[in-house]
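Quick look at final25.pdb (PDB, C-alpha atoms and all ligand atoms):
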```pdb
ATOM      1  CA  MET N   1      41.402  22.128   9.492
ATOM      2  CA  LYS N   2      40.038  18.828   8.188
ATOM      3  CA  SER N   3      42.863  16.382   7.784
ATOM      4  CA  ASP N   4      41.185  13.503   5.980
ATOM      5  CA  ASN N   5      41.864  14.564   2.416
ATOM      6  CA  ARG N   6      44.868  16.821   2.633
ATOM      7  CA  GLN N   7      47.428  17.057  -0.129
ATOM      8  CA  PRO N   8      50.799  17.332   1.657
ATOM      9  CA  GLU N   9      52.803  17.667  -1.584
ATOM     10  CA  LEU N  10      50.729  20.616  -2.734
ATOM     11  CA  GLU N  11      50.889  22.187   0.721
ATOM     12  CA  LYS N  12      54.687  22.064   0.463
ATOM     13  CA  LEU N  13      54.583  23.614  -2.985
ATOM     14  CA  PHE N  14      52.399  26.494  -1.847
ATOM     15  CA  ALA N  15      54.380  27.052   1.357
ATOM     16  CA  LYS N  16      57.411  27.544  -0.866
ATOM     17  CA  SER N  17      55.568  29.969  -3.195
ATOM     18  CA  PHE N  18      54.437  31.895  -0.145
ATOM     19  CA  LEU N  19      57.933  32.071   1.358
ATOM     20  CA  THR N  20      59.501  33.252  -1.884
ATOM     21  CA  ASN N  21      56.722  35.788  -2.533
ATOM     22  CA  ARG N  22      55.637  33.998  -5.641
ATOM     23  CA  LEU N  23      52.092  33.205  -4.662
ATOM     24  CA  GLY N  24      49.847  33.889  -7.680
ATOM     25  CA  HIS N  25      46.587  35.811  -7.615
ATOM     26  CA  ALA N  26      44.419  33.430  -9.619
ATOM     27  CA  TYR N  27      44.484  29.668  -9.436
ATOM     28  CA  LEU N  28      42.370  26.995 -11.023
ATOM     29  CA  PHE N  29      42.273  23.826  -8.939
ATOM     30  CA  GLU N  30      41.255  20.815 -10.956
ATOM     31  CA  GLY N  31      40.527  17.417  -9.434
ATOM     32  CA  ALA N  32      37.844  14.841  -8.652
ATOM     33  CA  ARG N  33      35.401  15.406  -5.811
ATOM     34  CA  GLY N  34      36.950  14.676  -2.438
ATOM     35  CA  THR N  35      40.543  15.349  -3.489
ATOM     36  CA  GLY N  36      40.874  18.257  -1.069
ATOM     37  CA  LYS N  37      40.698  21.256  -3.421
ATOM     38  CA  LYS N  38      38.733  23.428  -1.038
ATOM     39  CA  GLU N  39      40.745  22.274   1.974
ATOM     40  CA  LEU N  40      43.944  23.381   0.241
ATOM     41  CA  ALA N  41      42.470  26.720  -0.870
ATOM     42  CA  LYS N  42      41.423  27.373   2.727
ATOM     43  CA  TRP N  43      44.806  26.297   4.028
ATOM     44  CA  ILE N  44      46.515  28.808   1.710
ATOM     45  CA  ALA N  45      43.983  31.439   2.743
ATOM     46  CA  GLN N  46      44.834  30.773   6.367
ATOM     47  CA  THR N  47      48.532  31.258   5.574
ATOM     48  CA  ILE N  48      47.733  34.535   3.831
ATOM     49  CA  PHE N  49      45.754  35.841   6.802
ATOM     50  CA  CYS N  50      47.976  34.367   9.525
ATOM     51  CA  GLU N  51      49.656  36.994  11.681
ATOM     52  CA  GLN N  52      52.826  34.968  12.159
ATOM     53  CA  PRO N  53      53.162  32.295   9.455
ATOM     54  CA  GLU N  54      55.969  29.812  10.019
ATOM     55  CA  SER N  55      57.879  28.478   7.002
ATOM     56  CA  GLY N  56      55.009  29.427   4.726
ATOM     57  CA  GLN N  57      52.450  27.647   6.871
ATOM     58  CA  PRO N  58      49.728  28.982   9.164
ATOM     59  CA  CYS N  59      50.698  29.105  12.836
ATOM     60  CA  GLY N  60      47.315  27.783  13.942
ATOM     61  CA  VAL N  61      47.208  29.843  17.144
ATOM     62  CA  CYS N  62      47.025  33.524  16.190
ATOM     63  CA  ARG N  63      43.741  35.462  16.175
ATOM     64  CA  ASN N  64      43.187  35.110  12.422
ATOM     65  CA  CYS N  65      44.051  31.415  12.437
ATOM     66  CA  ARG N  66      41.497  30.865  15.171
ATOM     67  CA  ARG N  67      38.852  32.920  13.333
ATOM     68  CA  MET N  68      39.620  30.930  10.197
ATOM     69  CA  MET N  69      39.168  27.618  11.962
ATOM     70  CA  GLU N  70      35.906  28.841  13.450
ATOM     71  CA  GLY N  71      34.770  29.783   9.945
ATOM     72  CA  ASN N  72      34.521  33.381  11.048
ATOM     73  CA  LEU N  73      36.834  35.358   8.792
ATOM     74  CA  PRO N  74      34.917  37.944   6.727
ATOM     75  CA  ASP N  75      37.788  38.501   4.288
ATOM     76  CA  LEU N  76      37.514  34.937   3.084
ATOM     77  CA  ILE N  77      34.630  34.817   0.644
ATOM     78  CA  GLU N  78      33.280  31.550  -0.663
ATOM     79  CA  ILE N  79      30.935  31.351  -3.606
ATOM     80  CA  GLU N  80      28.977  28.251  -4.531
ATOM     81  CA  PRO N  81      26.410  27.719  -7.283
ATOM     82  CA  ASP N  82      23.068  29.224  -6.428
ATOM     83  CA  GLY N  83      20.946  26.333  -7.696
ATOM     84  CA  GLN N  84      22.277  25.021 -10.992
ATOM     85  CA  SER N  85      24.582  27.932 -11.771
ATOM     86  CA  ILE N  86      26.774  30.713 -10.448
ATOM     87  CA  LYS N  87      24.909  33.790 -11.543
ATOM     88  CA  VAL N  88      26.171  37.134 -12.667
ATOM     89  CA  ASN N  89      24.868  38.959  -9.576
ATOM     90  CA  GLN N  90      26.937  36.632  -7.370
ATOM     91  CA  ILE N  91      30.036  37.648  -9.330
ATOM     92  CA  ARG N  92      28.950  41.280  -9.302
ATOM     93  CA  GLU N  93      28.857  41.251  -5.503
ATOM     94  CA  LEU N  94      32.276  39.701  -5.601
ATOM     95  CA  LYS N  95      33.580  42.467  -7.848
ATOM     96  CA  THR N  96      32.194  45.110  -5.519
ATOM     97  CA  GLU N  97      34.136  43.414  -2.771
ATOM     98  CA  PHE N  98      37.244  43.376  -4.983
ATOM     99  CA  SER N  99      37.126  47.102  -5.539
ATOM    100  CA  LYS N 100      36.526  47.773  -1.841
ATOM    101  CA  SER N 101      39.541  45.707  -0.882
ATOM    102  CA  ALA N 102      41.697  47.705  -3.262
ATOM    103  CA  VAL N 103      40.659  50.881  -1.508
ATOM    104  CA  GLU N 104      41.009  49.636   2.024
ATOM    105  CA  GLY N 105      44.152  47.706   1.277
ATOM    106  CA  SER N 106      43.086  44.662   3.244
ATOM    107  CA  LYS N 107      43.740  41.171   2.005
ATOM    108  CA  LYS N 108      40.893  39.196   0.531
ATOM    109  CA  VAL N 109      40.644  35.602  -0.602
ATOM    110  CA  TYR N 110      37.882  34.327  -2.856
ATOM    111  CA  ILE N 111      37.060  30.675  -3.356
ATOM    112  CA  ILE N 112      34.629  29.809  -6.119
ATOM    113  CA  ASP N 113      33.469  26.218  -5.854
ATOM    114  CA  GLN N 114      32.155  24.349  -8.919
ATOM    115  CA  ALA N 115      33.459  27.194 -11.038
ATOM    116  CA  GLU N 116      32.320  25.360 -14.182
ATOM    117  CA  LYS N 117      28.787  26.342 -13.187
ATOM    118  CA  MET N 118      29.463  30.029 -13.777
ATOM    119  CA  THR N 119      27.105  31.362 -16.405
ATOM    120  CA  VAL N 120      28.882  32.923 -19.395
ATOM    121  CA  SER N 121      28.053  36.424 -18.198
ATOM    122  CA  ALA N 122      29.273  35.601 -14.700
ATOM    123  CA  ALA N 123      32.493  34.271 -16.186
ATOM    124  CA  ASN N 124      32.925  37.344 -18.369
ATOM    125  CA  SER N 125      32.360  39.511 -15.373
ATOM    126  CA  LEU N 126      35.087  37.650 -13.522
ATOM    127  CA  LEU N 127      37.496  38.165 -16.412
ATOM    128  CA  THR N 128      37.727  41.869 -15.650
ATOM    129  CA  PHE N 129      39.195  41.002 -12.285
ATOM    130  CA  LEU N 130      41.593  38.464 -13.713
ATOM    131  CA  GLU N 131      42.928  41.033 -16.166
ATOM    132  CA  ASP N 132      43.876  43.411 -13.388
ATOM    133  CA  PRO N 133      44.201  41.623 -10.081
ATOM    134  CA  SER N 134      44.847  43.852  -7.140
ATOM    135  CA  GLN N 135      47.917  43.100  -5.062
ATOM    136  CA  ASP N 136      45.921  41.933  -2.096
ATOM    137  CA  THR N 137      43.292  39.708  -3.643
ATOM    138  CA  TYR N 138      43.603  36.031  -4.281
ATOM    139  CA  LEU N 139      41.199  33.934  -6.276
ATOM    140  CA  PHE N 140      40.780  30.160  -6.246
ATOM    141  CA  LEU N 141      38.519  28.546  -8.812
ATOM    142  CA  LEU N 142      37.661  24.930  -8.058
ATOM    143  CA  THR N 143      36.475  22.476 -10.683
ATOM    144  CA  THR N 144      36.362  18.773 -11.462
ATOM    145  CA  VAL N 145      37.160  19.164 -15.182
ATOM    146  CA  LYS N 146      39.177  22.175 -16.291
ATOM    147  CA  GLU N 147      37.952  21.839 -19.884
ATOM    148  CA  ASN N 148      34.539  22.970 -18.642
ATOM    149  CA  ILE N 149      35.975  26.378 -17.735
ATOM    150  CA  LEU N 150      36.038  29.027 -20.456
ATOM    151  CA  PRO N 151      39.484  29.069 -22.135
ATOM    152  CA  THR N 152      39.702  32.838 -21.623
ATOM    153  CA  ILE N 153      39.409  32.306 -17.851
ATOM    154  CA  ARG N 154      41.607  29.218 -17.819
ATOM    155  CA  SER N 155      44.461  30.986 -19.578
ATOM    156  CA  ARG N 156      44.577  33.652 -16.859
ATOM    157  CA  CYS N 157      44.890  31.156 -14.028
ATOM    158  CA  GLN N 158      47.673  28.955 -12.825
ATOM    159  CA  ILE N 159      46.299  25.448 -13.101
ATOM    160  CA  ILE N 160      46.964  22.969 -10.307
ATOM    161  CA  HIS N 161      45.943  19.362 -10.757
ATOM    162  CA  PHE N 162      44.838  17.340  -7.746
ATOM    163  CA  HIS N 163      45.550  13.622  -7.783
ATOM    164  CA  SER N 164      43.017  11.230  -6.411
ATOM    165  CA  LEU N 165      43.756   9.650  -3.088
ATOM    166  CA  LYS N 166      45.450   6.323  -3.612
ATOM    167  CA  ARG N 167      43.587   3.148  -2.681
ATOM    168  CA  GLU N 168      45.624   2.293   0.417
ATOM    169  CA  MET N 169      45.442   5.876   1.579
ATOM    170  CA  MET N 170      41.702   5.780   0.990
ATOM    171  CA  GLU N 171      41.355   2.527   2.954
ATOM    172  CA  LYS N 172      43.317   4.017   5.819
ATOM    173  CA  VAL N 173      41.131   7.114   5.881
ATOM    174  CA  LEU N 174      37.928   5.035   5.698
ATOM    175  CA  ARG N 175      39.150   2.805   8.535
ATOM    176  CA  GLU N 176      39.738   5.895  10.664
ATOM    177  CA  GLU N 177      36.200   6.987   9.809
ATOM    178  CA  GLY N 178      34.943   3.778  11.399
ATOM    179  CA  ILE N 179      33.904   2.039   8.165
ATOM    180  CA  LYS N 180      33.579  -1.719   8.617
ATOM    181  CA  GLU N 181      36.664  -3.715   7.622
ATOM    182  CA  GLU N 182      34.752  -5.844   5.081
ATOM    183  CA  ASN N 183      33.711  -2.711   3.151
ATOM    184  CA  LEU N 184      37.097  -0.960   2.978
ATOM    185  CA  GLY N 185      38.504  -2.661  -0.110
ATOM    186  CA  ILE N 186      35.413  -2.399  -2.223
ATOM    187  CA  LEU N 187      34.697   1.236  -1.323
ATOM    188  CA  ALA N 188      38.270   2.294  -1.990
ATOM    189  CA  THR N 189      38.083   0.507  -5.346
ATOM    190  CA  LEU N 190      34.748   1.982  -6.347
ATOM    191  CA  THR N 191      35.505   5.618  -5.596
ATOM    192  CA  ASN N 192      38.215   8.157  -4.826
ATOM    193  CA  ASP N 193      35.683  10.407  -3.241
ATOM    194  CA  LEU N 194      35.623  10.227   0.522
ATOM    195  CA  ASP N 195      32.107  11.621   0.829
ATOM    196  CA  GLU N 196      30.756   9.238  -1.777
ATOM    197  CA  ALA N 197      32.450   6.310  -0.015
ATOM    198  CA  LYS N 198      30.914   7.315   3.303
ATOM    199  CA  ASN N 199      27.493   7.648   1.680
ATOM    200  CA  LEU N 200      27.773   4.199   0.108
ATOM    201  CA  ALA N 201      28.898   2.687   3.408
ATOM    202  CA  SER N 202      25.745   3.902   5.099
ATOM    203  CA  ASP N 203      23.463   3.048   2.168
ATOM    204  CA  ASP N 204      21.336  -0.020   2.958
ATOM    205  CA  LEU N 205      20.652  -0.686  -0.696
ATOM    206  CA  PHE N 206      24.377  -0.851  -1.389
ATOM    207  CA  GLN N 207      24.894  -3.288   1.490
ATOM    208  CA  GLU N 208      22.071  -5.485   0.264
ATOM    209  CA  LEU N 209      23.353  -5.361  -3.286
ATOM    210  CA  GLN N 210      26.781  -6.473  -2.067
ATOM    211  CA  ASN N 211      25.262  -9.433  -0.198
ATOM    212  CA  LYS N 212      23.112 -10.493  -3.145
ATOM    213  CA  VAL N 213      25.935 -10.212  -5.657
ATOM    214  CA  TRP N 214      28.132 -12.310  -3.379
ATOM    215  CA  LYS N 215      25.417 -15.014  -3.236
ATOM    216  CA  TRP N 216      24.971 -14.813  -6.984
ATOM    217  CA  PHE N 217      28.713 -15.144  -7.526
ATOM    218  CA  GLN N 218      28.783 -18.272  -5.350
ATOM    219  CA  LEU N 219      25.949 -19.823  -7.368
ATOM    220  CA  LEU N 220      27.739 -18.971 -10.603
ATOM    221  CA  MET N 221      31.004 -20.467  -9.382
ATOM    222  CA  LYS N 222      29.189 -23.689  -8.462
ATOM    223  CA  LYS N 223      27.511 -23.646 -11.876
ATOM    224  CA  ASP N 224      24.243 -23.888 -10.014
ATOM    225  CA  SER N 225      21.283 -23.495 -12.411
ATOM    226  CA  MET N 226      19.547 -21.429  -9.695
ATOM    227  CA  ALA N 227      21.836 -18.577 -10.737
ATOM    228  CA  ILE N 228      19.475 -17.787 -13.635
ATOM    229  CA  LEU N 229      16.326 -17.655 -11.521
ATOM    230  CA  PHE N 230      18.211 -15.642  -8.878
ATOM    231  CA  VAL N 231      18.254 -12.672 -11.270
ATOM    232  CA  ALA N 232      14.462 -12.298 -11.209
ATOM    233  CA  THR N 233      13.898 -13.249  -7.574
ATOM    234  CA  ASP N 234      16.780 -11.507  -5.791
ATOM    235  CA  LEU N 235      18.594  -9.039  -8.041
ATOM    236  CA  MET N 236      15.855  -7.344 -10.054
ATOM    237  CA  PRO N 237      14.019  -5.958  -6.995
ATOM    238  CA  LEU N 238      17.200  -4.003  -6.147
ATOM    239  CA  MET N 239      17.652  -2.528  -9.621
ATOM    240  CA  LYS N 240      16.014   0.847  -9.074
ATOM    241  CA  ASP N 241      17.896   2.434 -11.961
ATOM    242  CA  LYS N 242      20.931   1.999 -14.185
ATOM    243  CA  VAL N 243      23.318   3.057 -11.406
ATOM    244  CA  GLN N 244      22.530  -0.121  -9.453
ATOM    245  CA  VAL N 245      22.852  -2.310 -12.534
ATOM    246  CA  VAL N 246      26.304  -0.937 -13.327
ATOM    247  CA  LEU N 247      27.273  -1.318  -9.661
ATOM    248  CA  CYS N 248      25.974  -4.903  -9.659
ATOM    249  CA  LEU N 249      28.113  -5.756 -12.705
ATOM    250  CA  ASP N 250      31.169  -4.070 -11.169
ATOM    251  CA  LEU N 251      30.746  -5.916  -7.886
ATOM    252  CA  LEU N 252      30.470  -9.230  -9.727
ATOM    253  CA  LEU N 253      33.510  -8.350 -11.816
ATOM    254  CA  PHE N 254      35.559  -7.658  -8.680
ATOM    255  CA  HIS N 255      34.723 -11.122  -7.299
ATOM    256  CA  TYR N 256      35.954 -12.739 -10.509
ATOM    257  CA  ARG N 257      39.094 -10.616 -10.485
ATOM    258  CA  ASP N 258      39.732 -11.578  -6.879
ATOM    259  CA  SER N 259      39.319 -15.249  -7.852
ATOM    260  CA  MET N 260      41.820 -14.733 -10.615
ATOM    261  CA  HIS N 261      44.317 -13.266  -8.146
ATOM    262  CA  ILE N 262      43.720 -16.230  -5.817
ATOM    263  CA  ALA N 263      44.453 -18.612  -8.681
ATOM    264  CA  PHE N 264      47.794 -16.870  -9.213
ATOM    265  CA  ASN N 265      48.414 -16.529  -5.489
ATOM    266  CA  ARG N 266      48.514 -12.723  -5.602
ATOM    267  CA  LEU N 267      46.838 -12.404  -2.244
ATOM    268  CA  ASP N 268      47.899  -8.826  -1.508
ATOM    269  CA  VAL N 269      45.888  -7.263  -4.344
ATOM    270  CA  ILE N 270      42.598  -8.913  -3.430
ATOM    271  CA  ILE N 271      39.830  -6.398  -2.873
ATOM    272  CA  HIS N 272      37.670  -8.517  -0.565
ATOM    273  CA  GLN N 273      40.338  -9.443   1.984
ATOM    274  CA  THR N 274      37.713 -10.622   4.465
ATOM    275  CA  ARG N 275      36.466 -13.187   1.900
ATOM    276  CA  LEU N 276      39.915 -14.618   1.291
ATOM    277  CA  LYS N 277      39.077 -17.971   2.891
ATOM    278  CA  SER N 278      35.802 -18.358   0.988
ATOM    279  CA  TYR N 279      37.587 -17.687  -2.306
ATOM    280  CA  GLN N 280      40.274 -20.214  -1.495
ATOM    281  CA  GLU N 281      37.643 -22.874  -0.821
ATOM    282  CA  MET N 282      36.164 -22.398  -4.285
ATOM    283  CA  LYS N 283      37.385 -24.389  -7.235
ATOM    284  CA  GLN N 284      39.457 -22.014  -9.346
ATOM    285  CA  ASP N 285      39.229 -22.671 -13.050
ATOM    286  CA  ILE N 286      41.234 -19.907 -14.710
ATOM    287  CA  LYS N 287      39.786 -20.519 -18.175
ATOM    288  CA  ARG N 288      36.243 -20.217 -16.851
ATOM    289  CA  ILE N 289      37.038 -17.150 -14.785
ATOM    290  CA  THR N 290      38.574 -15.422 -17.809
ATOM    291  CA  TYR N 291      35.551 -16.341 -19.874
ATOM    292  CA  GLN N 292      33.153 -14.962 -17.246
ATOM    293  CA  ILE N 293      35.088 -11.708 -16.982
ATOM    294  CA  GLU N 294      34.691 -11.274 -20.754
ATOM    295  CA  VAL N 295      30.987 -12.073 -20.461
ATOM    296  CA  ILE N 296      30.542  -9.393 -17.785
ATOM    297  CA  LEU N 297      32.421  -6.801 -19.836
ATOM    298  CA  LYS N 298      30.157  -7.636 -22.799
ATOM    299  CA  ALA N 299      27.134  -7.317 -20.518
ATOM    300  CA  LYS N 300      28.276  -3.799 -19.638
ATOM    301  CA  GLN N 301      28.353  -2.939 -23.332
ATOM    302  CA  MET N 302      24.851  -4.387 -23.757
ATOM    303  CA  LEU N 303      23.688  -2.167 -20.944
ATOM    304  CA  GLU N 304      25.228   0.854 -22.662
ATOM    305  CA  ALA N 305      23.283  -0.155 -25.783
ATOM    306  CA  ASN N 306      20.129  -0.047 -23.644
ATOM    307  CA  VAL N 307      19.404  -3.759 -23.649
ATOM    308  CA  GLN N 308      16.831  -4.522 -20.943
ATOM    309  CA  THR N 309      18.363  -5.102 -17.503
ATOM    310  CA  GLN N 310      16.926  -8.531 -16.707
ATOM    311  CA  GLY N 311      18.046  -9.834 -20.094
ATOM    312  CA  VAL N 312      21.575  -8.521 -19.548
ATOM    313  CA  LEU N 313      21.915 -10.094 -16.092
ATOM    314  CA  GLU N 314      20.349 -13.416 -17.146
ATOM    315  CA  SER N 315      22.701 -13.643 -20.110
ATOM    316  CA  ILE N 316      25.606 -13.751 -17.639
ATOM    317  CA  ALA N 317      24.084 -16.715 -15.799
ATOM    318  CA  ILE N 318      23.055 -18.498 -18.998
ATOM    319  CA  GLN N 319      26.490 -18.223 -20.580
ATOM    320  CA  ASN N 320      27.985 -19.452 -17.318
ATOM    321  CA  GLN N 321      25.864 -22.612 -17.649
ATOM    322  CA  LEU N 322      26.893 -23.125 -21.261
ATOM    323  CA  VAL N 323      30.655 -22.956 -20.804
ATOM    324  CA  LYS N 324      32.402 -26.308 -20.336
TER     325      LYS N 324
HETATM  326 ZN    ZN O 401      48.256  32.203  12.512
END
```
Render the structure in this file as structure tokens.
Amino acid sequence: MKSDNRQPELEKLFAKSFLTNRLGHAYLFEGARGTGKKELAKWIAQTIFCEQPESGQPCGVCRNCRRMMEGNLPDLIEIEPDGQSIKVNQIRELKTEFSKSAVEGSKKVYIIDQAEKMTVSAANSLLTFLEDPSQDTYLFLLTTVKENILPTIRSRCQIIHFHSLKREMMEKVLREEGIKEENLGILATLTNDLDEAKNLASDDLFQELQNKVWKWFQLLMKKDSMAILFVATDLMPLMKDKVQVVLCLDLLLFHYRDSMHIAFNRLDVIIHQTRLKSYQEMKQDIKRITYQIEVILKAKQMLEANVQTQGVLESIAIQNQLVK
């Protein structure tokens, strides 16, 4: 079982439900990507199938546990969107399986990933099961936003919310994944999603953007007039779409926030720990930093209002020149 995004508190909760025979038949797991929804559903499934569960947890050594870990347990059925949606025939197959299991009396566990992508007819089809769950079937619906699931389905499930991994936890996990020290803070700040963080870490464009924004920030802090030209020469070529522009503004914002923390000597909350020395060597003018943070937040609003990218970025540098 993958251990990088486990939810120990929820595991405890479910172990207890299992021990006291109060495990439900239909659950809706809600949480951001990478919060371990599927890992937990599989962990519970393993407990259900385990031949000798211990304190409500899978033993990890019996035949079924081994088959589970090898991904070779036919009574665990996973459904994912087929293209953009989960279609009615996917659910129909599932229902056929449901009825079979009732006859044969064997346990079955169903995990439906991205359940919000069920078409209305697929969802309606699923409702029949939820109205009369057989004793030996268990259903786990996984979603990022529970409001996107039909209320009629939602009301028949027990809803479990998954909290995002905390920043330190995230940094620890990323460090174990071999992510470079200088990237840990920023990645853990930008996302709670382990997969997304790993993707960013290996994305050359992201690395280059980080380097450029750092250079830009240094020019801005020195009030160097080159900061305006830098937008056209160095930043604009990296702005493939709005995602990069937003990222660029966020990265710049984090440098200013770090500077603010330096000014108040709150060294522990600094995102870019490996830049600590460089920050300390810069002249910290709290009034100017505050002003620049406001300017960046305004720039983000301009971007939302579809003002042209180069204009938005240049306005940051221009206003930086104007402030006393
Ligand atoms: Zn076992």
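Nearest to Lys107 of chain N of all the residues N:Gln321, N:Thr47, N:Asn72, N:Ser121 is N:Thr47, counting all atoms listed in the file.
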Which neighbours of segment 137-141 of chain N fall inside 8 Å, counting all atoms listed in the file, when residues of the same chain fewer than 4 positions from it are skipped, and could you give them as a ChimeraX atom specification?
-> /N:24-29,41,98,101,107-115,133
Kindly resolve the PyMOL selection byres (((chain N and resi 176-181) around 9) and not hetatm) on the present coordinates and return the residues as a PyMOL selection string.
-> chain N and resi 171-175+182-185+198+201-202+273-274
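Atom pair atom CA of Glu314 of chain N / atom CA of Ile228 of chain N: separated by 5.7 Å.
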Among the residues N:Lys240, N:Lys12, N:His163, N:His272, the one that comes closest to Ser55 of chain N [using all atoms listed in the file] = N:Lys12
Go through the shown structure with the PyMOL selection byres (((not hetatm)) within 8 of (chain O and resi 401)) and write out the matching residues as a PyMOL selection string.
-> chain N and resi 46-47+49-53+58-66
Written as a PyMOL selection string, what is the full residue list that the PyMOL selection byres (((chain N and resi 284) around 7) and not hetatm) yields on the file shown?
-> chain N and resi 259+263+282-283+285-286
Include C-alpha atoms and write out the residues we just selected as a PDB file, in the coordinates of the input.
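Contents of the output file result-v5.pdb:
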```pdb
ATOM      1  CA  SER N 259      39.319 -15.249  -7.852  1.00  0.00           C
ATOM      2  CA  ALA N 263      44.453 -18.612  -8.681  1.00  0.00           C
ATOM      3  CA  MET N 282      36.164 -22.398  -4.285  1.00  0.00           C
ATOM      4  CA  LYS N 283      37.385 -24.389  -7.235  1.00  0.00           C
ATOM      5  CA  ASP N 285      39.229 -22.671 -13.050  1.00  0.00           C
ATOM      6  CA  ILE N 286      41.234 -19.907 -14.710  1.00  0.00           C
TER       7      ILE N 286
END
```
As lines of an AutoDock Vina configuration file, please report the centre and edge lengths, rounded to one decimal in Å, of the axis-aligned box that holds all listed atoms of segment 212-217 of chain N with 8 Å of padding on each of the six sides.
```
center_x = 25.9
center_y = -12.7
center_z = -5.3
size_x = 21.6
size_y = 20.9
size_z = 20.4
```
Counting all atoms listed in the file, the option among N:Pro81, N:Pro151, N:Gly71, N:Gly56 closest to Lys42 of chain N |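 When distances to Lys42 of chain N are compared using all atoms listed in the file, the smallest one comes from N:Gly71.
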Rank N:Thr35, N:Gln210, N:Asn265, N:Gln308 by their smallest atom-to-atom distance to Thr143 of chain N, using all atoms listed in the file, and report the top residue only.
->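 Smallest distance to Thr143 of chain N is found for N:Thr35.
Atom to atom, atom CA of Asp268 of chain N and atom CA of Pro8 of chain N stand 26.5 Å apart.
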Might you pull out every residue within 8 Å of Leu238 of chain N, with only C-alpha atoms counted and same-chain residues fewer than 3 positions away left off, and present them as a ChimeraX atom specification?
-> /N:205,209,234-235,244
For segment 309-313 of chain N: contacts at 9 Å, only C-alpha atoms, fewer than 6 positions along chain excluded, given as an mmCIF file with C-alpha atoms, in the coordinates of the input:
```cif
data_model
loop_
_atom_site.group_PDB
_atom_site.id
_atom_site.type_symbol
_atom_site.label_atom_id
_atom_site.label_comp_id
_atom_site.auth_asym_id
_atom_site.auth_seq_id
_atom_site.Cartn_x
_atom_site.Cartn_y
_atom_site.Cartn_z
ATOM 1 C CA ILE N 228 19.475 -17.787 -13.635
ATOM 2 C CA VAL N 231 18.254 -12.672 -11.270
ATOM 3 C CA ALA N 232 14.462 -12.298 -11.209
ATOM 4 C CA LEU N 235 18.594 -9.039 -8.041
ATOM 5 C CA MET N 236 15.855 -7.344 -10.054
ATOM 6 C CA MET N 239 17.652 -2.528 -9.621
ATOM 7 C CA LYS N 242 20.931 1.999 -14.185
ATOM 8 C CA VAL N 245 22.852 -2.310 -12.534
ATOM 9 C CA LEU N 249 28.113 -5.756 -12.705
ATOM 10 C CA ILE N 296 30.542 -9.393 -17.785
ATOM 11 C CA ALA N 299 27.134 -7.317 -20.518
ATOM 12 C CA LYS N 300 28.276 -3.799 -19.638
ATOM 13 C CA MET N 302 24.851 -4.387 -23.757
ATOM 14 C CA LEU N 303 23.688 -2.167 -20.944
#
```
Using atom CA of Gln292 of chain N and atom CA of Met170 of chain N as the two end points, give the distance in Å to one decimal.
->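 Between atom CA of Gln292 of chain N and atom CA of Met170 of chain N the gap is 28.9 Å.
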Write out N, CA, C and O atoms for segment 155-163 of chain N, as a PDB file, in the coordinates of the input.
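The resulting rebuild_9.pdb:
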```
ATOM      1  N   SER N 155      43.134  30.510 -19.180  1.00  0.00           N
ATOM      2  CA  SER N 155      44.461  30.986 -19.578  1.00  0.00           C
ATOM      3  C   SER N 155      44.999  32.040 -18.617  1.00  0.00           C
ATOM      4  O   SER N 155      46.182  32.335 -18.628  1.00  0.00           O
ATOM      5  N   ARG N 156      44.119  32.626 -17.799  1.00  0.00           N
ATOM      6  CA  ARG N 156      44.577  33.652 -16.859  1.00  0.00           C
ATOM      7  C   ARG N 156      44.857  33.083 -15.473  1.00  0.00           C
ATOM      8  O   ARG N 156      45.197  33.818 -14.551  1.00  0.00           O
ATOM      9  N   CYS N 157      44.657  31.780 -15.331  1.00  0.00           N
ATOM     10  CA  CYS N 157      44.890  31.156 -14.028  1.00  0.00           C
ATOM     11  C   CYS N 157      46.095  30.221 -14.086  1.00  0.00           C
ATOM     12  O   CYS N 157      46.421  29.686 -15.130  1.00  0.00           O
ATOM     13  N   GLN N 158      46.705  30.039 -12.936  1.00  0.00           N
ATOM     14  CA  GLN N 158      47.673  28.955 -12.825  1.00  0.00           C
ATOM     15  C   GLN N 158      46.875  27.699 -12.499  1.00  0.00           C
ATOM     16  O   GLN N 158      46.084  27.698 -11.565  1.00  0.00           O
ATOM     17  N   ILE N 159      47.100  26.657 -13.288  1.00  0.00           N
ATOM     18  CA  ILE N 159      46.299  25.448 -13.101  1.00  0.00           C
ATOM     19  C   ILE N 159      47.052  24.444 -12.225  1.00  0.00           C
ATOM     20  O   ILE N 159      48.228  24.151 -12.456  1.00  0.00           O
ATOM     21  N   ILE N 160      46.379  23.971 -11.200  1.00  0.00           N
ATOM     22  CA  ILE N 160      46.964  22.969 -10.307  1.00  0.00           C
ATOM     23  C   ILE N 160      46.094  21.725 -10.360  1.00  0.00           C
ATOM     24  O   ILE N 160      44.880  21.799 -10.137  1.00  0.00           O
ATOM     25  N   HIS N 161      46.716  20.598 -10.690  1.00  0.00           N
ATOM     26  CA  HIS N 161      45.943  19.362 -10.757  1.00  0.00           C
ATOM     27  C   HIS N 161      46.033  18.591  -9.446  1.00  0.00           C
ATOM     28  O   HIS N 161      47.109  18.443  -8.883  1.00  0.00           O
ATOM     29  N   PHE N 162      44.898  18.112  -8.986  1.00  0.00           N
ATOM     30  CA  PHE N 162      44.838  17.340  -7.746  1.00  0.00           C
ATOM     31  C   PHE N 162      44.706  15.855  -8.065  1.00  0.00           C
ATOM     32  O   PHE N 162      43.764  15.452  -8.745  1.00  0.00           O
ATOM     33  N   HIS N 163      45.638  15.063  -7.560  1.00  0.00           N
ATOM     34  CA  HIS N 163      45.550  13.622  -7.783  1.00  0.00           C
ATOM     35  C   HIS N 163      44.564  13.001  -6.805  1.00  0.00           C
ATOM     36  O   HIS N 163      44.403  13.463  -5.688  1.00  0.00           O
TER      37      HIS N 163
END
```
